[in-house]
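Taking it in order: structure first as structure tokens, then the write-up.
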Amino acid sequence: MTLYTKIRAAAFAAGIGLAAIAAPALADEQHFPLQSYRVGPYAAGGTGFFGGFIDYLNLINTRDGGVNGVKLTWSEAETQYEVERGVEAYERLKSNQGIAAWNPLSVGIAYAMIDRITQDKVPLITINHGRTDSTDGRVFPYVFPLLLNPYSETSGIVNYIASKEGGLESLKGKKIVVLYHGSPYGKETIPIYELLAEKYGFELQQIEVPHPGNEQQSQWLTIRRAKPDYVVLRGWGVMNPVALKTAAKTGFPVDHIIGNVWSNSEEDVIPAGDAAKGYTAITTQASGAEYPVVKEIVKTVYDAGKGNLEDKNRIGSVYHNLGIVNGILNVEAVRIAQEKFGKRTLTGDEVRWGFEHLQLDPARVEALGAKDLFHSINVTWDNHEGNGYVTFQQWDGKKWNVVSDWIAPDWALLRPIIEKSSEAYAAEKGIKLRTAEDAEAATN
Amino acid sequence: MSTVTADLSPPLSLPFHAGALAVLAVAYLVVPFIGSSYLFEAILLPFLALSLAGVGLNILTGYAGQVSLGSAAFMAVGAFAAYNFNLRVEALPLIGSIVLAGLSAAAIGIVFGLPSLRLRGFYLAVSTLAAQFFVQWALTKFGWFSNNSASGVIDAPPLSLAGLSFEGPVGRYLFALTVVAVLTFLAYRLVSSQTGRNFIAVRDNETAARIIGVPVLRTKLLAFGVSSFIIGVAGVLWAFAYLRTVEPAGFNLDRSFQILFIVIIGGLASIRGAFFGAALIVVFPLVLSRLGAFLLGDIFDSGVLDMTQRIVIGAFIILFLVLEPDGLVALWDRLKSRITAALRRA
Amino acid sequence: MAEFDWLFFTEVLIGGLLSGVMYSLVAIGFVLIYKTSGVLNFSQGALLLFAALTFVSLVEKGVPFAAAFAITFAAMVVIGVAIERTVLRPLTNKPPITLFMATLGLSYIIEGAAQLIWGTQVHGLDLGIEDIPFDVGGVFISQFDIFAAVVAASMVGALSAFFRYTRIGLGFRAVADDQFAALAVGLKLPWIWASVWAAAGLVALVAGLLWGARLGVQFSLSLVVLKALPVLVLGGFDSILGAIVGGLLVGASEKLAEVYIGDYFGGGIEGWFAYVVALAFLLIRPSGLFGQKLVERV
């Protein structure tokens, strides 16, 4: 191998390397490569999320002239949510200058990128999803499952059910069924529900729905026979509306179904029609267009004809607002990193430092025009999730309404489990655990 | 399907070898020095893995005449088996894991090939879907297969052979290239041997094959076994060399169809065909998407472009099947003979 | 399980049979095409998606139900005839596998076109049938499923009558029996093919609406073909009756299996169980329940 590397270097030196066309001197720009999906089975989520993200970047450019004068740019490549298309898009887009961070919004693509971005030293943001143990910044320096990882989501849902029942003690003797999608994603939280069931003394049954989930008669008949107090829906795509419809068909009350973070959008409930009325789901960001930042996007971006969503009715929808929140978090990370490294185009590693100091308290969130849109975030060098709060929203047939306070998952309980998993990963891959000092240094 | 026998008449003729050696020489001695990481990561690695899968399926479908829609499942078996052998058997070199992975895929392939003893045509094709769904289910269901990783997704181990490390795009490319070259050579030898002729006899006329003493049942199962072995190794390359991660969902029905496309478009019963087909299937969409983005990118968003692409690809496939049903190989051979004729005249 | 719960068993069984009707509905579309052209038309799922998406988009634009149905049906007929002309005719006498691949290509085109024309949004589809279960002696039965079953049954009745009593229908059967003989006696094949595609388009439309009402109209709708394939294997690719019986068998057995033996496997076995049932059955009877016994090669 080393021989090859040497010859290769020599070849470049001799001027054969065609790829080595000199990069033009660039204006201060920070780039966001987007592996978006606007086609295929999950297109509805993709158009909303990437639309919101782009809208926010547009807002910053138009209103503030960028972040401290550094323009934000982006480029898109379609993935259809397929891993190998995501990889191709990564290889295609990574030649862009001044990349701040990657935001694929796909677990599969994110997994395939972990090795690659770690080598390239550019952050990978997997807001609300992704690999739970990448929360541990000691092992995964460049991966950020911001706001909510799957374990926190589980704890948040159980805490919410407890609050409805009158406290964690009242969970004793209750029965909860978890209906999960038959995929790695769906199964990820199985041990956590078991752990919480044991801790709080509720009875638990976890039932799998085979992919894609367009037939759930037998599962719901089983549920009806089990007579649970609550059903948690850990669904995905078409599985969600079918679950709600089949629940109605088998006579299970919809207001006792709690959806997880990938079962919480308009696209999940609209196809179910009336069967979805009263369905409640977890979220990290409230939906609706009444928040100042969303209003500003409408005024500055959409009224100027530069909005990304084709259908303006989707402004303020769950995925659109998630995209906006994602935009806020990315932009603020860049801003925080600029304060340390200078108001210029930053390297990926410098932006990583920014994410690791991404601490937005409720006051700062309000100043950003996002009060009540999301609660706060507190990312540190070893906690890459940032202790996001969750809230619950109920579908009334037309829109989602927030029905709970901001709820904190039990992070302290989950952290040791996460560390166990990440340390096992580190051992398997021969990764040396990072320390606070390692994290402080950033290459440029 | 009569044209395919043409591929047999010049067994081990010189031009084929010369051509193959020339391609290999370029692949080993030139490409690693001039290629960009995009070329390796986004084009050559998936091309190599899919070509190998195409070679595997071609043995089953092209030579032995058994249609399978479960190729992706055998790729998955290979990938997960290699991961587990590598993880659980101490001191087993990577090459050992790969061979064992191929054998595991072959074993599963033979089991799902059993219906072929009774079924034909689409009945068989649809029944191979059982493999597709069962394997995907089993790999997701039992955490053991993914070493109880929380999310069921596994990471590829570092690639090394006999102390040499094959990291980085170029390294992984060379690794995949070597595996593909060796297996393709073996596959070529196999189909030009008596066994290969047995495959063809079974495909062309089962009863006649039986009369002339071909052990039909054994031949069919052997075809399933060999084919699955190769496809399994292709799965290892896909997971270890290309994506560097494995999740069962990546080996879905679409992948099986993709491999079938490679075989049909490349040319049935032709080892070269698999490479032609894979090149087209990997490169064509990329070219199309680049072209689309370049020409129309300012007018339409990526979604519209991608849907247009889908339509163009679909139309292209149909057009191709209508105009050149014997595949790219036939096209290539015609082109070649025309050029030689022209040269001779000149 | 101390005592066997017969009530629950009945409920699962009925639910399964009713789901099975929905599978049959999709399978019939395959059978029609296969019987006349010998093509396993994989684009049936895409057609179903296209029909449902067109219908729902028209209704959302304010077109009345009946008009939307008629327009969509007309569109399906045009598409069907176009497919016959541009894809299948040039490929006559090609091996079945080539034809199959062509229909895969076709499904790309149709899916792409459907989304290009109507967008990728998810739509709800309300056919105006309440989906509240009613209670028959402790067994809950879904009104919607009963409705779907009735629709499916009447469609099968209509199709059978069509093929039995009309000239085109007789021609269809003649073609199905022996293409060359049919040609020899002067039957106009293109005309018959066109009407079969129209019938398949109608089946796609009805199936698309019923499935669309259950799942919502979205991309995943085209995945319902995966439920229809084991039905086809079980019932035979060329038998409408087989599609019905096969659908019922698949529906009932997969639901019962999921509920009663799923636990031993950890659940979620529905995805492949139908294939295993079909396979086990085929080992006994290689051309399905009602399929014609013929040697074919791919």
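In the structure tokens, the first chain shown is A, the next is B, and so on; residue numbers restart at 1 for each chain, and ligands run from 1 in the order shown.
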List every residue of chain A that has an atom at most 6 Å from any atom of chain C, giving for each one its closest atom pair and the distance in Å to one decimal, counting only C-alpha atoms, sorted by chain and then by ascending residue number, as a Markdown table.
```
| residue | atom | partner | partner_atom | distance |
| --- | --- | --- | --- | --- |
| A:Pro41 | CA | C:Phe219 | CA | 5.2 |
| A:Ala44 | CA | C:Gln121 | CA | 5.6 |
| A:Glu208 | CA | C:Gly268 | CA | 5.0 |
| A:Val209 | CA | C:Gly268 | CA | 5.4 |
| A:Pro210 | CA | C:Gly268 | CA | 4.9 |
| A:Ser218 | CA | C:Lys255 | CA | 5.4 |
| A:Val242 | CA | C:Leu215 | CA | 5.4 |
| A:Lys249 | CA | C:Pro133 | CA | 5.4 |
| A:Glu267 | CA | C:Val122 | CA | 5.9 |
| A:Ile270 | CA | C:Gly124 | CA | 5.5 |
| A:Pro271 | CA | C:Gly124 | CA | 3.6 |
```
Store the residues picked out above, limited to N, CA and C atoms, as an mmCIF file, in the first residue's frame.
```cif
data_model
loop_
_atom_site.group_PDB
_atom_site.id
_atom_site.type_symbol
_atom_site.label_atom_id
_atom_site.label_comp_id
_atom_site.auth_asym_id
_atom_site.auth_seq_id
_atom_site.Cartn_x
_atom_site.Cartn_y
_atom_site.Cartn_z
ATOM 1 N N PRO A 41 -40.401 6.940 -1.264
ATOM 2 C CA PRO A 41 -41.377 6.678 -0.215
ATOM 3 C C PRO A 41 -41.410 7.743 0.885
ATOM 4 N N ALA A 44 -42.279 13.093 1.392
ATOM 5 C CA ALA A 44 -43.013 14.116 2.124
ATOM 6 C C ALA A 44 -42.168 14.657 3.275
ATOM 7 N N GLU A 208 -44.056 -6.642 16.947
ATOM 8 C CA GLU A 208 -43.414 -6.194 15.702
ATOM 9 C C GLU A 208 -44.408 -6.143 14.545
ATOM 10 N N VAL A 209 -44.297 -5.105 13.733
ATOM 11 C CA VAL A 209 -45.061 -5.022 12.488
ATOM 12 C C VAL A 209 -44.070 -5.179 11.346
ATOM 13 N N PRO A 210 -44.244 -6.197 10.505
ATOM 14 C CA PRO A 210 -43.275 -6.362 9.418
ATOM 15 C C PRO A 210 -43.324 -5.194 8.434
ATOM 16 N N SER A 218 -53.658 -8.524 12.457
ATOM 17 C CA SER A 218 -53.357 -9.482 13.521
ATOM 18 C C SER A 218 -52.729 -8.799 14.729
ATOM 19 N N VAL A 242 -51.797 3.315 8.831
ATOM 20 C CA VAL A 242 -52.455 2.004 8.882
ATOM 21 C C VAL A 242 -52.690 1.593 10.330
ATOM 22 N N LYS A 249 -60.532 0.347 13.609
ATOM 23 C CA LYS A 249 -61.279 -0.798 13.111
ATOM 24 C C LYS A 249 -61.459 -1.864 14.189
ATOM 25 N N GLU A 267 -48.079 13.915 7.663
ATOM 26 C CA GLU A 267 -48.138 12.829 6.688
ATOM 27 C C GLU A 267 -48.533 11.511 7.333
ATOM 28 N N ILE A 270 -52.795 12.402 8.265
ATOM 29 C CA ILE A 270 -53.780 12.800 7.246
ATOM 30 C C ILE A 270 -54.364 11.580 6.507
ATOM 31 N N PRO A 271 -53.522 10.623 6.095
ATOM 32 C CA PRO A 271 -54.114 9.484 5.379
ATOM 33 C C PRO A 271 -55.058 8.658 6.240
#
```
For chain B against chain C, with a cut-off of 9 Å and counting only C-alpha atoms, what is the closest atom pair and its distance in Å to one decimal for every residue that makes the cut, ordered by chain and number, as CSV?
```
residue,atom,partner,partner_atom,distance
B:Met1,CA,C:Pro95,CA,7.6
B:Thr61,CA,C:Val298,CA,8.7
B:Gly65,CA,C:Val298,CA,6.8
B:Gln66,CA,C:Val298,CA,7.4
B:Val67,CA,C:Val298,CA,7.0
B:Pro115,CA,C:Leu283,CA,6.8
B:Leu117,CA,C:Leu283,CA,8.9
B:Arg118,CA,C:Leu283,CA,6.3
B:Leu119,CA,C:Pro286,CA,5.8
B:Arg120,CA,C:Arg297,CA,6.8
B:Gly121,CA,C:Val298,CA,5.1
B:Phe122,CA,C:Val298,CA,7.6
B:Tyr123,CA,C:Val233,CA,5.9
B:Leu124,CA,C:Val233,CA,8.9
B:Val126,CA,C:Leu229,CA,6.8
B:Ser127,CA,C:Leu279,CA,6.2
B:Thr128,CA,C:Tyr275,CA,8.9
B:Leu129,CA,C:Tyr275,CA,7.4
B:Ala130,CA,C:Tyr275,CA,5.2
B:Ala131,CA,C:Trp272,CA,8.3
B:Gln132,CA,C:Trp272,CA,8.4
B:Phe133,CA,C:Trp272,CA,5.3
B:Phe134,CA,C:Trp272,CA,5.5
B:Trp137,CA,C:Ile269,CA,7.6
B:Lys141,CA,C:Gly266,CA,7.4
B:Phe142,CA,C:Gly266,CA,8.8
B:Arg203,CA,C:Arg297,CA,8.3
B:Asp204,CA,C:Arg297,CA,8.8
B:Phe257,CA,C:Leu104,CA,8.4
B:Leu260,CA,C:Met101,CA,8.3
B:Phe261,CA,C:Met101,CA,7.2
B:Ile264,CA,C:Thr98,CA,7.5
B:Gly303,CA,C:Leu116,CA,8.7
B:Val304,CA,C:Leu116,CA,6.5
B:Asp306,CA,C:Gly112,CA,8.4
B:Met307,CA,C:Gly112,CA,4.8
B:Thr308,CA,C:Gly112,CA,6.6
B:Gln309,CA,C:Gly112,CA,8.1
B:Arg310,CA,C:Gly112,CA,5.7
B:Ile311,CA,C:Ile109,CA,4.1
B:Val312,CA,C:Ile109,CA,7.3
B:Ile313,CA,C:Gly105,CA,7.4
B:Gly314,CA,C:Gly105,CA,4.1
B:Ala315,CA,C:Gly105,CA,6.6
B:Phe316,CA,C:Gly105,CA,8.0
B:Ile317,CA,C:Gly105,CA,5.7
B:Ile318,CA,C:Ala102,CA,5.2
B:Leu319,CA,C:Val87,CA,8.3
B:Leu321,CA,C:Thr98,CA,6.9
B:Val322,CA,C:Leu91,CA,5.9
B:Leu323,CA,C:Pro90,CA,8.9
B:Pro325,CA,C:Thr98,CA,7.5
```
Skip segment 412-423 of chain A itself and residues of its chain fewer than 5 positions away, then list as a PDB file with C-alpha atoms, in the first residue's frame all residues within 12 Å of it, counting only C-alpha atoms.
```pdb
ATOM      1  CA  ARG A 131     -27.000   6.071  16.417  1.00  0.00           C
ATOM      2  CA  THR A 132     -27.814   6.377  20.110  1.00  0.00           C
ATOM      3  CA  ASP A 133     -24.292   5.720  21.329  1.00  0.00           C
ATOM      4  CA  SER A 134     -22.924   8.500  19.136  1.00  0.00           C
ATOM      5  CA  THR A 135     -24.208  10.703  21.963  1.00  0.00           C
ATOM      6  CA  ASP A 136     -20.905   9.825  23.580  1.00  0.00           C
ATOM      7  CA  GLY A 137     -18.516  12.431  22.219  1.00  0.00           C
ATOM      8  CA  ARG A 138     -15.548  10.600  23.666  1.00  0.00           C
ATOM      9  CA  VAL A 139     -15.939   7.907  21.013  1.00  0.00           C
ATOM     10  CA  PHE A 140     -17.703   9.767  18.200  1.00  0.00           C
ATOM     11  CA  PRO A 141     -16.067  13.179  17.934  1.00  0.00           C
ATOM     12  CA  ASN A 149     -31.647  10.173  20.620  1.00  0.00           C
ATOM     13  CA  PRO A 150     -33.870   7.080  20.547  1.00  0.00           C
ATOM     14  CA  TYR A 151     -33.240   6.215  24.186  1.00  0.00           C
ATOM     15  CA  SER A 152     -34.183   9.683  25.413  1.00  0.00           C
ATOM     16  CA  GLU A 153     -37.281   9.490  23.272  1.00  0.00           C
ATOM     17  CA  THR A 154     -38.293   6.269  25.013  1.00  0.00           C
ATOM     18  CA  SER A 155     -37.773   7.770  28.430  1.00  0.00           C
ATOM     19  CA  GLY A 156     -39.644  10.928  27.394  1.00  0.00           C
ATOM     20  CA  THR A 189     -35.474   0.804  21.869  1.00  0.00           C
ATOM     21  CA  PRO A 191     -34.086  -3.012  25.773  1.00  0.00           C
ATOM     22  CA  ILE A 192     -34.868   0.485  27.033  1.00  0.00           C
ATOM     23  CA  TYR A 193     -38.588  -0.190  27.290  1.00  0.00           C
ATOM     24  CA  LEU A 195     -35.474  -1.493  31.495  1.00  0.00           C
ATOM     25  CA  LEU A 196     -38.108   1.140  32.227  1.00  0.00           C
ATOM     26  CA  LYS A 199     -37.838   0.090  36.989  1.00  0.00           C
ATOM     27  CA  ASP A 382     -18.863  14.454  25.610  1.00  0.00           C
ATOM     28  CA  ASN A 383     -22.641  14.851  25.394  1.00  0.00           C
ATOM     29  CA  HIS A 384     -23.473  15.248  21.730  1.00  0.00           C
ATOM     30  CA  GLU A 385     -27.219  15.048  22.180  1.00  0.00           C
ATOM     31  CA  ASN A 387     -30.321  17.229  26.622  1.00  0.00           C
ATOM     32  CA  GLU A 428     -14.057  -3.198  18.602  1.00  0.00           C
ATOM     33  CA  LYS A 429     -12.685  -0.472  16.358  1.00  0.00           C
ATOM     34  CA  GLY A 430      -9.597   0.259  18.437  1.00  0.00           C
ATOM     35  CA  ILE A 431     -10.597   3.873  19.105  1.00  0.00           C
ATOM     36  CA  LYS A 432      -8.863   5.741  21.910  1.00  0.00           C
ATOM     37  CA  LEU A 433     -11.353   7.621  24.092  1.00  0.00           C
ATOM     38  CA  ARG A 434     -11.112  11.355  23.576  1.00  0.00           C
TER      39      ARG A 434
ATOM     40  CA  ASN B 147     -23.575  -8.678  17.539  1.00  0.00           C
ATOM     41  CA  ASN B 148     -26.516  -7.200  19.464  1.00  0.00           C
ATOM     42  CA  SER B 149     -25.676  -3.769  18.182  1.00  0.00           C
ATOM     43  CA  ALA B 150     -28.348  -1.435  19.483  1.00  0.00           C
ATOM     44  CA  SER B 151     -29.470  -0.391  16.065  1.00  0.00           C
TER      45      SER B 151
END
```
Subject >> Interatomic distance (Å, one decimal) between atom CA of Arg172 of chain B and atom CA of Ser71 of chain B >> reply: 23.0 Å
Original post:
What are the DSSP strand (DSSP E or B) residues of segment 32-154 of chain C, as a list of chain:residue names?
Top reply: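 After running DSSP on the backbone, segment 32-154 of chain C has strand (DSSP E or B) at C:His123, C:Pro133, C:Phe134, C:Asp135, C:Val136, C:Val139, C:Phe140, C:Ile141, C:Ser142.
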Could those residues be written to a file, using C-alpha atoms, as a PDB file, in the first residue's frame?
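Saved to part_10.pdb:
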```pdb
ATOM      1  CA  HIS C 123     -53.204  12.109   0.556  1.00  0.00           C
ATOM      2  CA  PRO C 133     -66.463  -2.067  13.766  1.00  0.00           C
ATOM      3  CA  PHE C 134     -69.757  -3.754  14.519  1.00  0.00           C
ATOM      4  CA  ASP C 135     -70.207  -6.459  16.999  1.00  0.00           C
ATOM      5  CA  VAL C 136     -71.520  -9.855  15.924  1.00  0.00           C
ATOM      6  CA  VAL C 139     -66.689 -10.700  17.205  1.00  0.00           C
ATOM      7  CA  PHE C 140     -65.774  -7.298  15.830  1.00  0.00           C
ATOM      8  CA  ILE C 141     -66.144  -6.989  12.091  1.00  0.00           C
ATOM      9  CA  SER C 142     -65.006  -3.971  10.126  1.00  0.00           C
TER      10      SER C 142
END
```
